[in-house]
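Asker: Before we start, here is the structure in question, set down as structure tokens.
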Amino acid sequence: MIQVEVDRRIAEGVLPQAIELIQALRNEAAKHQGFIDGYLLQRMDDCHRIESTATWQSLRDWEAWEHCEIRHNINVKIAPMLEEPEVTRLSILLQQVVK
């Protein structure tokens with residue numbers, strides 16, 4: 001499994017609209033092959049910093065979603081709301097502890 005983290009810094013005045021689009025993006029991702037789970041986080045020290053994390057079954061599944069037309073169409077709407085380009089980080093999931 002892999003963990004994908006997408007970090008976005010949202011511009012002033014568009015935070016609610018951006019969060020709505022990012023949630024729509026997450027909902028579409030959840031329908032895609034290989035999506036396991038995900039979280040949408042708002043940083044406590046910077047409310048305009050939104051972090052999206054998702055666990056995917058494989059790198060191939062993530063890459064299929066990354067290049068999906070639906071994802072592209074929503075990202076085109078999010079991009080103008082960002083103060084800086086989004087940063088995506090991929091990690092291999094070594095351990096998951098659930099209580």
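Numbering starts fresh at 1 for the residues of each chain in the structure tokens, the chains themselves are lettered A, B, ... in the order given, and ligands are numbered from 1 as they appear.
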Set the distance at 12 Å and use only C-alpha atoms: which residues neighbour Asn73 in chain A once local chain neighbours fewer than 6 positions away are removed? I'd like the list as a list in words.
Answerer: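 Neighbouring residues, sequence-local ones excluded: Leu21, Ile22, Ala24, Leu25, Glu28, Glu66, His67 and Ala79 of chain A.
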Asker: Could those residues be written to a file, using C-alpha atoms, as a compact mmCIF listing (two decimals), in the first residue's frame?
Answerer:
```txt
# COMPACT_ATOMS: atom_id res chain seq x y z
CA LEU A 21 -13.87 21.28 -4.36
CA ILE A 22 -11.23 19.28 -2.48
CA ALA A 24 -15.54 16.65 -4.22
CA LEU A 25 -12.13 15.47 -5.41
CA GLU A 28 -14.50 10.97 -6.66
CA GLU A 66 -3.59 10.95 -10.81
CA HIS A 67 -4.06 10.95 -14.62
CA ALA A 79 -5.53 25.66 -9.01
```
Asker: Please list as a count of residues only every residue within 12 Å of Val4 in chain A, counting only C-alpha atoms and excluding residues in the same chain fewer than 2 positions away.
Answerer: 32
Asker: What residues in chain A get the DSSP label alpha helix (DSSP H)? Please answer as a PyMOL selection string.
Answerer: chain A and resi 15-30+59-66+69-78
Asker: What's around Gly13 in chain A at 12 Å? Count only C-alpha atoms, leave out sequence neighbours fewer than 5 positions away in its own chain, and write the answer as a PyMOL selection string.
Answerer: chain A and resi 18-19+47-48+81-83
Asker: Mind dumping the selected residues with N, CA and C atoms as a PDB file, in the first residue's frame?
Answerer:
```
ATOM      1  N   ALA A  18     -12.760  26.323  -1.889  1.00  0.00           N
ATOM      2  CA  ALA A  18     -11.671  25.389  -2.155  1.00  0.00           C
ATOM      3  C   ALA A  18     -11.889  24.079  -1.407  1.00  0.00           C
ATOM      4  N   ILE A  19     -12.294  24.165  -0.145  1.00  0.00           N
ATOM      5  CA  ILE A  19     -12.545  22.950   0.637  1.00  0.00           C
ATOM      6  C   ILE A  19     -13.661  22.133  -0.011  1.00  0.00           C
ATOM      7  N   CYS A  47      -4.802  27.959   9.073  1.00  0.00           N
ATOM      8  CA  CYS A  47      -6.097  27.448   8.613  1.00  0.00           C
ATOM      9  C   CYS A  47      -6.224  27.420   7.097  1.00  0.00           C
ATOM     10  N   HIS A  48      -5.315  28.073   6.390  1.00  0.00           N
ATOM     11  CA  HIS A  48      -5.350  28.050   4.923  1.00  0.00           C
ATOM     12  C   HIS A  48      -4.530  26.902   4.339  1.00  0.00           C
ATOM     13  N   MET A  81      -7.188  28.921  -6.907  1.00  0.00           N
ATOM     14  CA  MET A  81      -7.442  29.267  -5.504  1.00  0.00           C
ATOM     15  C   MET A  81      -6.212  29.055  -4.622  1.00  0.00           C
ATOM     16  N   LEU A  82      -5.137  28.547  -5.202  1.00  0.00           N
ATOM     17  CA  LEU A  82      -3.930  28.244  -4.429  1.00  0.00           C
ATOM     18  C   LEU A  82      -2.971  29.430  -4.410  1.00  0.00           C
ATOM     19  N   GLU A  83      -2.327  29.624  -3.255  1.00  0.00           N
ATOM     20  CA  GLU A  83      -1.293  30.654  -3.159  1.00  0.00           C
ATOM     21  C   GLU A  83       0.032  30.173  -3.734  1.00  0.00           C
TER      22      GLU A  83
END
```
Asker: Could you pull out the strand (DSSP E) residues of range 6-46 of chain A from DSSP and send them as a PyMOL selection string?
Answerer: chain A and resi 6-9+35-42
Asker: Can I get the selected residues back with N, CA and C atoms, as a PDB file, in the first residue's frame?
Answerer:
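As written to disk, selection23.pdb reads:
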```pdb
ATOM      1  N   VAL A   6      -1.198  15.308  -0.224  1.00  0.00           N
ATOM      2  CA  VAL A   6      -1.235  16.494  -1.074  1.00  0.00           C
ATOM      3  C   VAL A   6      -1.418  17.698  -0.162  1.00  0.00           C
ATOM      4  N   ASP A   7      -0.470  18.617  -0.223  1.00  0.00           N
ATOM      5  CA  ASP A   7      -0.470  19.803   0.624  1.00  0.00           C
ATOM      6  C   ASP A   7      -0.831  21.010  -0.238  1.00  0.00           C
ATOM      7  N   ARG A   8      -1.866  21.748   0.186  1.00  0.00           N
ATOM      8  CA  ARG A   8      -2.306  22.927  -0.561  1.00  0.00           C
ATOM      9  C   ARG A   8      -2.398  24.126   0.377  1.00  0.00           C
ATOM     10  N   ARG A   9      -1.940  25.272  -0.095  1.00  0.00           N
ATOM     11  CA  ARG A   9      -2.085  26.544   0.638  1.00  0.00           C
ATOM     12  C   ARG A   9      -3.128  27.351  -0.113  1.00  0.00           C
ATOM     13  N   PHE A  35      -8.575   2.754  -4.172  1.00  0.00           N
ATOM     14  CA  PHE A  35      -8.660   3.706  -3.063  1.00  0.00           C
ATOM     15  C   PHE A  35      -9.086   2.949  -1.814  1.00  0.00           C
ATOM     16  N   ILE A  36      -8.364   3.143  -0.716  1.00  0.00           N
ATOM     17  CA  ILE A  36      -8.680   2.449   0.535  1.00  0.00           C
ATOM     18  C   ILE A  36      -9.328   3.401   1.538  1.00  0.00           C
ATOM     19  N   ASP A  37      -8.644   4.495   1.853  1.00  0.00           N
ATOM     20  CA  ASP A  37      -9.205   5.472   2.779  1.00  0.00           C
ATOM     21  C   ASP A  37      -8.472   6.802   2.612  1.00  0.00           C
ATOM     22  N   GLY A  38      -8.994   7.808   3.278  1.00  0.00           N
ATOM     23  CA  GLY A  38      -8.362   9.108   3.173  1.00  0.00           C
ATOM     24  C   GLY A  38      -8.876  10.077   4.217  1.00  0.00           C
ATOM     25  N   TYR A  39      -8.116  11.154   4.370  1.00  0.00           N
ATOM     26  CA  TYR A  39      -8.438  12.193   5.335  1.00  0.00           C
ATOM     27  C   TYR A  39      -8.213  13.550   4.694  1.00  0.00           C
ATOM     28  N   LEU A  40      -9.009  14.513   5.121  1.00  0.00           N
ATOM     29  CA  LEU A  40      -8.814  15.899   4.729  1.00  0.00           C
ATOM     30  C   LEU A  40      -8.549  16.657   6.015  1.00  0.00           C
ATOM     31  N   LEU A  41      -7.381  17.268   6.116  1.00  0.00           N
ATOM     32  CA  LEU A  41      -6.941  17.901   7.353  1.00  0.00           C
ATOM     33  C   LEU A  41      -6.712  19.391   7.135  1.00  0.00           C
ATOM     34  N   GLN A  42      -7.072  20.188   8.143  1.00  0.00           N
ATOM     35  CA  GLN A  42      -6.789  21.619   8.137  1.00  0.00           C
ATOM     36  C   GLN A  42      -5.794  21.877   9.255  1.00  0.00           C
TER      37      GLN A  42
END
```
Asker: Taking into account only C-alpha atoms, which residue in the set A:His32, A:Gln3, A:Glu84, A:Val14 is nearest to Ile70 in chain A?
Answerer: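 The shortest atom-to-atom distance to Ile70 in chain A comes from A:His32.
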